[in-house]
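**Student:** Below are the structure tokens for one structure; questions will follow.
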Amino acid sequence: MTDAAPPPVMEFRSVGMCYSGRPRVVALDTCDLRIGRGEYVTMVGPSGSGKSTFLNIAGLLDTPTSGRYLLDGIDTGTVTRRQRAALRGTRIGFVFQAFHLLAHRTALENVELAMVYQGVPRRERRVRAEEALHRVGLGHRGDFLPTRLSGGERQRVAIARAVVTRPSLLLCDEPTGNLDSGTTTSVLGLLSELHDAGMTLVVVTHDARVAAQGRRTLTMLDGSLRDLSPMGTAR
Ligand code: ADP
């Protein structure tokens with residue numbers, strides 16, 4: 001008998017999110033989705049269509065009101081709050097439009113801090129943070145505070161911080177939303193390199209150029225997810 005295939009990195013089984021109140025809002029309608037290891041998925045959709053709701057659930061920041069979400073085969077609805085936080089801290093990396101770096105910490109410290117939750121020893125944190133900054137082309141900027149970095153450099157630090165924990169899934173919310181065209185190109189190059197190295201990426205964007213980078217593009221409309229590509233086509 002052969003070994004069973006590895007589970008998808010993320011799997012939504014009839015996941016829905018409904019906000020009670022008046023009127024009741026169905027922010028995410030029954031959604032079935034599988035994203036395999038190493039996939040590069042982009043998501044587009046108008047404002048208010050449910051993209052943040054999707055990301056918040058995928059990133060374990062919010063729990064769906066119906067359905068099941070499996071992350072690396074783990075049913076996230078059955079774990080304790082503490083275990084959820086641990087899953088979030090160890091298996092998911094986040095990249096946001098506004099970078100969200102700590103202003104009074106250097107680039108290196110910002111990246112190091114991501115590993116505190118995992119209990120990585122101090123010395124190893126330093127080595128891995130330096131490696132991660134090198135990987136994003138900022139090995140020479142470790143001592144800089146974020147205020148001394150350009151927008152593109154800040155986003156590179158944020159990406160280094162997101163991947164230094166070696167997450168299963170990298171979730172990016174408008175990662176180029178604050179960047180000019182040239183810097184967008186370089187950040188897209190970096191995301192492509194991560195994909196080539198085997199990272200699983202989900203990138204939400206308004207930018208058609210960013211969306212085109214995905215090997216699979218999902219469309220969100222009024223809380224409904226459309227996937228025009230073959231389902232579960234991991235590289
Ligand atoms: P997007 O990220 O695509 O702009 P959202 O996921 O933020 O869309 O929102 C989807 C829908 O859910 C919208 O109609 C929004 O108004 C609604 N919504 C989001 N958060 C809440 C909330 N906390 N309470 C009620 N409705 C919400």
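Residues in the structure tokens are numbered from 1 in each chain, the chains being A, B, ... in the order shown, and ligands are numbered from 1 in the order shown.
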So which bits of range 74-165 of chain A end up strand (DSSP E or B) when you DSSP the backbone, as a PyMOL selection string?

**Tutor:** chain A and resi 74-75+92-96

**Student:** Near range 174-178 of chain A, within 12 Å and counting only C-alpha atoms, which residues show up once chain neighbours fewer than 4 positions away are dropped, as a CSV table (one decimal) with N, CA, C and O atoms, in the first residue's frame?

**Tutor:**
```csv
chain,number,residue,atom,x,y,z
A,42,THR,N,-4.1,33.9,-6.2
A,42,THR,CA,-4.5,35.3,-6.0
A,42,THR,C,-6.0,35.4,-5.9
A,42,THR,O,-6.7,34.5,-6.4
A,43,MET,N,-6.5,36.4,-5.2
A,43,MET,CA,-7.9,36.6,-5.0
A,43,MET,C,-8.3,38.0,-5.3
A,43,MET,O,-7.6,39.0,-4.8
A,44,VAL,N,-9.3,38.2,-6.2
A,44,VAL,CA,-9.7,39.5,-6.5
A,44,VAL,C,-11.2,39.6,-6.2
A,44,VAL,O,-11.9,38.6,-6.1
A,45,GLY,N,-11.7,40.9,-6.2
A,45,GLY,CA,-13.1,41.1,-5.9
A,45,GLY,C,-13.3,42.5,-5.4
A,45,GLY,O,-12.4,43.1,-4.8
A,51,LYS,N,-13.5,39.5,0.9
A,51,LYS,CA,-12.1,39.1,0.9
A,51,LYS,C,-11.5,39.1,2.3
A,51,LYS,O,-10.7,38.2,2.6
A,52,SER,N,-11.7,40.2,3.0
A,52,SER,CA,-11.2,40.3,4.4
A,52,SER,C,-11.7,39.2,5.3
A,52,SER,O,-11.0,38.6,6.1
A,55,LEU,N,-9.9,36.1,4.4
A,55,LEU,CA,-8.5,36.1,5.0
A,55,LEU,C,-8.5,35.9,6.5
A,55,LEU,O,-7.6,35.3,7.1
A,94,PHE,N,1.7,36.4,7.9
A,94,PHE,CA,0.8,37.5,7.4
A,94,PHE,C,1.7,38.6,6.8
A,94,PHE,O,2.7,39.1,7.4
A,95,VAL,N,1.2,39.2,5.6
A,95,VAL,CA,1.8,40.4,5.1
A,95,VAL,C,0.6,41.3,4.8
A,95,VAL,O,-0.4,40.9,4.1
A,96,PHE,N,0.7,42.5,5.3
A,96,PHE,CA,-0.4,43.5,5.2
A,96,PHE,C,0.0,44.7,4.3
A,96,PHE,O,1.2,45.0,4.2
A,97,GLN,N,-1.0,45.4,3.8
A,97,GLN,CA,-0.7,46.6,3.0
A,97,GLN,C,0.1,47.6,3.8
A,97,GLN,O,1.0,48.2,3.2
A,98,ALA,N,-0.2,47.8,5.1
A,98,ALA,CA,0.4,48.9,5.9
A,98,ALA,C,1.6,48.4,6.6
A,98,ALA,O,2.1,49.0,7.6
A,99,PHE,N,2.2,47.2,6.2
A,99,PHE,CA,3.4,46.7,6.7
A,99,PHE,C,3.4,46.3,8.2
A,99,PHE,O,3.8,45.2,8.6
A,100,HIS,N,2.8,47.1,9.1
A,100,HIS,CA,2.7,46.8,10.5
A,100,HIS,C,4.0,46.4,11.2
A,100,HIS,O,4.1,45.4,11.9
A,150,SER,N,12.6,52.7,2.9
A,150,SER,CA,11.5,53.0,1.9
A,150,SER,C,10.3,52.1,2.1
A,150,SER,O,10.4,51.1,2.7
A,151,GLY,N,9.2,52.4,1.4
A,151,GLY,CA,8.0,51.6,1.5
A,151,GLY,C,8.3,50.1,1.0
A,151,GLY,O,7.9,49.2,1.7
A,152,GLY,N,9.1,50.0,-0.1
A,152,GLY,CA,9.4,48.7,-0.6
A,152,GLY,C,10.3,47.9,0.3
A,152,GLY,O,10.1,46.7,0.5
A,153,GLU,N,11.2,48.7,1.0
A,153,GLU,CA,12.1,48.0,1.9
A,153,GLU,C,11.3,47.5,3.2
A,153,GLU,O,11.5,46.4,3.7
A,154,ARG,N,10.4,48.4,3.6
A,154,ARG,CA,9.5,48.0,4.8
A,154,ARG,C,8.7,46.7,4.5
A,154,ARG,O,8.6,45.8,5.3
A,155,GLN,N,8.2,46.7,3.2
A,155,GLN,CA,7.4,45.5,2.9
A,155,GLN,C,8.3,44.3,2.8
A,155,GLN,O,7.9,43.2,3.2
A,156,ARG,N,9.6,44.4,2.4
A,156,ARG,CA,10.5,43.3,2.4
A,156,ARG,C,10.8,42.8,3.8
A,156,ARG,O,10.9,41.6,4.0
A,158,ALA,N,8.7,43.1,6.2
A,158,ALA,CA,7.5,42.4,6.7
A,158,ALA,C,7.4,41.0,6.1
A,158,ALA,O,7.0,40.1,6.8
A,159,ILE,N,7.9,40.9,4.9
A,159,ILE,CA,7.9,39.5,4.2
A,159,ILE,C,8.9,38.6,4.9
A,159,ILE,O,8.6,37.5,5.2
A,170,LEU,N,1.3,31.5,3.5
A,170,LEU,CA,1.6,33.0,3.6
A,170,LEU,C,0.4,33.7,3.0
A,170,LEU,O,0.0,33.5,1.9
A,182,GLY,N,7.4,50.6,-9.7
A,182,GLY,CA,8.7,49.9,-9.7
A,182,GLY,C,8.9,49.0,-8.5
A,182,GLY,O,9.4,47.9,-8.6
A,183,THR,N,8.5,49.5,-7.3
A,183,THR,CA,8.6,48.7,-6.1
A,183,THR,C,7.7,47.5,-6.1
A,183,THR,O,8.0,46.5,-5.6
A,184,THR,N,6.5,47.7,-6.7
A,184,THR,CA,5.6,46.6,-6.8
A,184,THR,C,6.3,45.5,-7.6
A,184,THR,O,6.2,44.3,-7.2
A,185,THR,N,6.9,45.8,-8.7
A,185,THR,CA,7.6,44.8,-9.5
A,185,THR,C,8.6,44.0,-8.6
A,185,THR,O,8.7,42.8,-8.7
A,186,SER,N,9.4,44.7,-7.8
A,186,SER,CA,10.4,44.0,-7.0
A,186,SER,C,9.8,43.2,-5.9
A,186,SER,O,10.2,42.0,-5.7
A,187,VAL,N,8.7,43.6,-5.3
A,187,VAL,CA,8.0,42.8,-4.3
A,187,VAL,C,7.4,41.6,-5.0
A,187,VAL,O,7.4,40.5,-4.4
A,188,LEU,N,6.8,41.8,-6.2
A,188,LEU,CA,6.2,40.6,-6.9
A,188,LEU,C,7.3,39.6,-7.2
A,188,LEU,O,7.1,38.4,-7.1
A,189,GLY,N,8.5,40.1,-7.6
A,189,GLY,CA,9.6,39.2,-7.8
A,189,GLY,C,10.0,38.4,-6.6
A,189,GLY,O,10.2,37.2,-6.7
A,190,LEU,N,9.9,39.0,-5.4
A,190,LEU,CA,10.2,38.3,-4.2
A,190,LEU,C,9.2,37.3,-3.9
A,190,LEU,O,9.5,36.1,-3.5
A,191,LEU,N,7.9,37.6,-4.1
A,191,LEU,CA,6.8,36.6,-3.9
A,191,LEU,C,7.0,35.4,-4.8
A,191,LEU,O,6.8,34.3,-4.4
A,201,LEU,N,1.1,30.4,-1.2
A,201,LEU,CA,0.8,31.8,-1.1
A,201,LEU,C,-0.7,32.1,-1.5
A,201,LEU,O,-1.2,31.5,-2.5
A,202,VAL,N,-1.3,32.9,-0.7
A,202,VAL,CA,-2.7,33.4,-1.0
A,202,VAL,C,-2.6,35.0,-1.0
A,202,VAL,O,-2.2,35.5,0.1
A,203,VAL,N,-2.8,35.6,-2.1
A,203,VAL,CA,-2.6,37.1,-2.2
A,203,VAL,C,-3.9,37.7,-2.6
A,203,VAL,O,-4.4,37.5,-3.7
A,204,VAL,N,-4.4,38.6,-1.7
A,204,VAL,CA,-5.6,39.3,-2.1
A,204,VAL,C,-5.2,40.7,-2.6
A,204,VAL,O,-4.3,41.3,-2.1
A,205,THR,N,-5.8,41.0,-3.8
A,205,THR,CA,-5.3,42.3,-4.4
A,205,THR,C,-6.4,42.9,-5.3
A,205,THR,O,-7.3,42.3,-5.7
A,206,HIS,N,-6.2,44.2,-5.4
A,206,HIS,CA,-7.1,45.0,-6.4
A,206,HIS,C,-6.3,45.2,-7.7
A,206,HIS,O,-6.9,45.6,-8.7
A,207,ASP,N,-5.1,44.9,-7.7
A,207,ASP,CA,-4.2,45.2,-8.8
A,207,ASP,C,-4.1,44.0,-9.8
A,207,ASP,O,-3.7,42.9,-9.4
A,208,ALA,N,-4.6,44.3,-11.0
A,208,ALA,CA,-4.6,43.2,-12.0
A,208,ALA,C,-3.2,42.6,-12.3
A,208,ALA,O,-3.1,41.4,-12.5
A,209,ARG,N,-2.2,43.5,-12.2
A,209,ARG,CA,-0.8,43.0,-12.4
A,209,ARG,C,-0.4,42.0,-11.3
A,209,ARG,O,0.2,40.9,-11.6
A,210,VAL,N,-0.8,42.3,-10.1
A,210,VAL,CA,-0.5,41.3,-9.0
A,210,VAL,C,-1.4,40.1,-9.2
A,210,VAL,O,-0.8,39.0,-9.0
A,211,ALA,N,-2.6,40.2,-9.5
A,211,ALA,CA,-3.5,39.1,-9.6
A,211,ALA,C,-3.0,38.1,-10.7
A,211,ALA,O,-3.0,36.9,-10.6
```

**Student:** Using only C-alpha atoms, can you tell me which of A:Ile92, A:Leu33, A:Val136, A:Met199 comes closest to Leu60 in chain A?

**Tutor:** A:Ile92

**Student:** Could the residues of chain A that have an atom at most 10 Å from ligand 1 be listed as a tab-separated table, each with its closest atom pair and the distance in Å to one decimal, counting only C-alpha atoms and all ligand atoms and ordered by chain and ascending residue number?

**Tutor:**
```
residue	atom	partner	partner_atom_place_in_ligand_line	distance
A:Met17	CA	ligand 1	12 (O)	8.5
A:Cys18	CA	ligand 1	26 (N)	7.9
A:Tyr19	CA	ligand 1	25 (C)	5.0
A:Ser20	CA	ligand 1	25 (C)	7.3
A:Gly21	CA	ligand 1	25 (C)	7.6
A:Arg22	CA	ligand 1	25 (C)	9.1
A:Pro23	CA	ligand 1	25 (C)	8.8
A:Arg24	CA	ligand 1	25 (C)	7.8
A:Val25	CA	ligand 1	26 (N)	5.7
A:Val26	CA	ligand 1	12 (O)	6.6
A:Ala27	CA	ligand 1	12 (O)	4.0
A:Leu28	CA	ligand 1	10 (C)	7.2
A:Met43	CA	ligand 1	3 (O)	9.8
A:Val44	CA	ligand 1	3 (O)	8.4
A:Gly45	CA	ligand 1	3 (O)	6.2
A:Pro46	CA	ligand 1	3 (O)	5.9
A:Ser47	CA	ligand 1	4 (O)	3.7
A:Gly48	CA	ligand 1	8 (O)	3.4
A:Ser49	CA	ligand 1	3 (O)	3.9
A:Gly50	CA	ligand 1	6 (O)	3.2
A:Lys51	CA	ligand 1	3 (O)	3.8
A:Ser52	CA	ligand 1	2 (O)	3.5
A:Thr53	CA	ligand 1	6 (O)	3.7
A:Phe54	CA	ligand 1	6 (O)	6.5
A:Leu55	CA	ligand 1	6 (O)	8.1
A:Asn56	CA	ligand 1	6 (O)	8.3
A:Ile57	CA	ligand 1	6 (O)	10.0
A:Asp173	CA	ligand 1	2 (O)	9.2
A:Val204	CA	ligand 1	2 (O)	8.9
A:Thr205	CA	ligand 1	3 (O)	9.8
A:His206	CA	ligand 1	3 (O)	9.8
A:Met220	CA	ligand 1	3 (O)	7.4
A:Leu221	CA	ligand 1	3 (O)	8.2
A:Asp222	CA	ligand 1	10 (C)	7.5
A:Gly223	CA	ligand 1	10 (C)	6.6
```

**Student:** My list of candidates is A:Val127, A:Val120, A:Ile74, A:Leu145. Which is closest to Ala107 in chain A when distances are computed with only C-alpha atoms?

**Tutor:**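 Closest residue, counting only C-alpha atoms: A:Leu145.
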
**Student:** Using Å and a single decimal, report how far CA of Thr200 in chain A sits from CA of Gly137 in chain A.

**Tutor:**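 Separation of CA of Gly137 in chain A and CA of Thr200 in chain A: 20.6 Å.
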
**Student:** Have a look at CA of Leu218 in chain A and CA of Gly38 in chain A and let me know their distance in Å, one decimal.

**Tutor:**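 It comes out at 16.1 Å.
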
**Student:** Pick out the closest residue to Ala58 in chain A from this set: A:Val9, A:Ala160, A:Leu101, A:Ala129. Count only C-alpha atoms.

**Tutor:** A:Val9

**Student:** Measuring atom to atom with only C-alpha atoms, identify which of A:Thr90, A:Gln118, A:Thr30, A:Thr80 is nearest to Thr65 in chain A.

**Tutor:**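 Residue with the minimum atom-to-atom distance to Thr65 in chain A: A:Thr30.
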
**Student:** So that I can check the surroundings of range 67-71 of chain A, please list as a VMD selection string every protein, DNA and RNA residue that reaches within 8 Å of it, counting only C-alpha atoms and ignoring chain neighbours fewer than 2 positions away.

**Tutor:** chain A and resid 8 to 16 30 58 64 to 65 73 to 77

**Student:** In range 54-173 of chain A, what's helix (DSSP H, G or I) per DSSP? Answer as an MDAnalysis selection string?

**Tutor:** chainID A and resid 54:58 81:91 107:113 122:135 139:141 146:148 151:163

**Student:** Pick out the closest residue to Arg37 in chain A from this set: A:Ala5, A:Arg88, A:Thr147, A:Asp227. Count only C-alpha atoms.

**Tutor:**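 That would be A:Ala5, the residue with the smallest distance to Arg37 in chain A.
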
**Student:** Please, what distance in Å, to one decimal, runs between CA of Pro146 in chain A and CA of Leu171 in chain A?

**Tutor:**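 So the answer is 21.5 Å.
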
**Student:** So that I can see what lies close to Thr165 in chain A, please list as an NGL selection string the residues with an atom at most 8 Å from it, counting only C-alpha atoms and leaving out residues fewer than 4 positions away in the same chain.

**Tutor:** :A and (90-91 or 93 or 114-115 or 118 or 161)

**Student:** Using only C-alpha atoms for the distances, tell me which of A:Leu133, A:Phe144, A:Arg226, A:Gly89 is nearest to Leu169 in chain A.

**Tutor:** A:Gly89
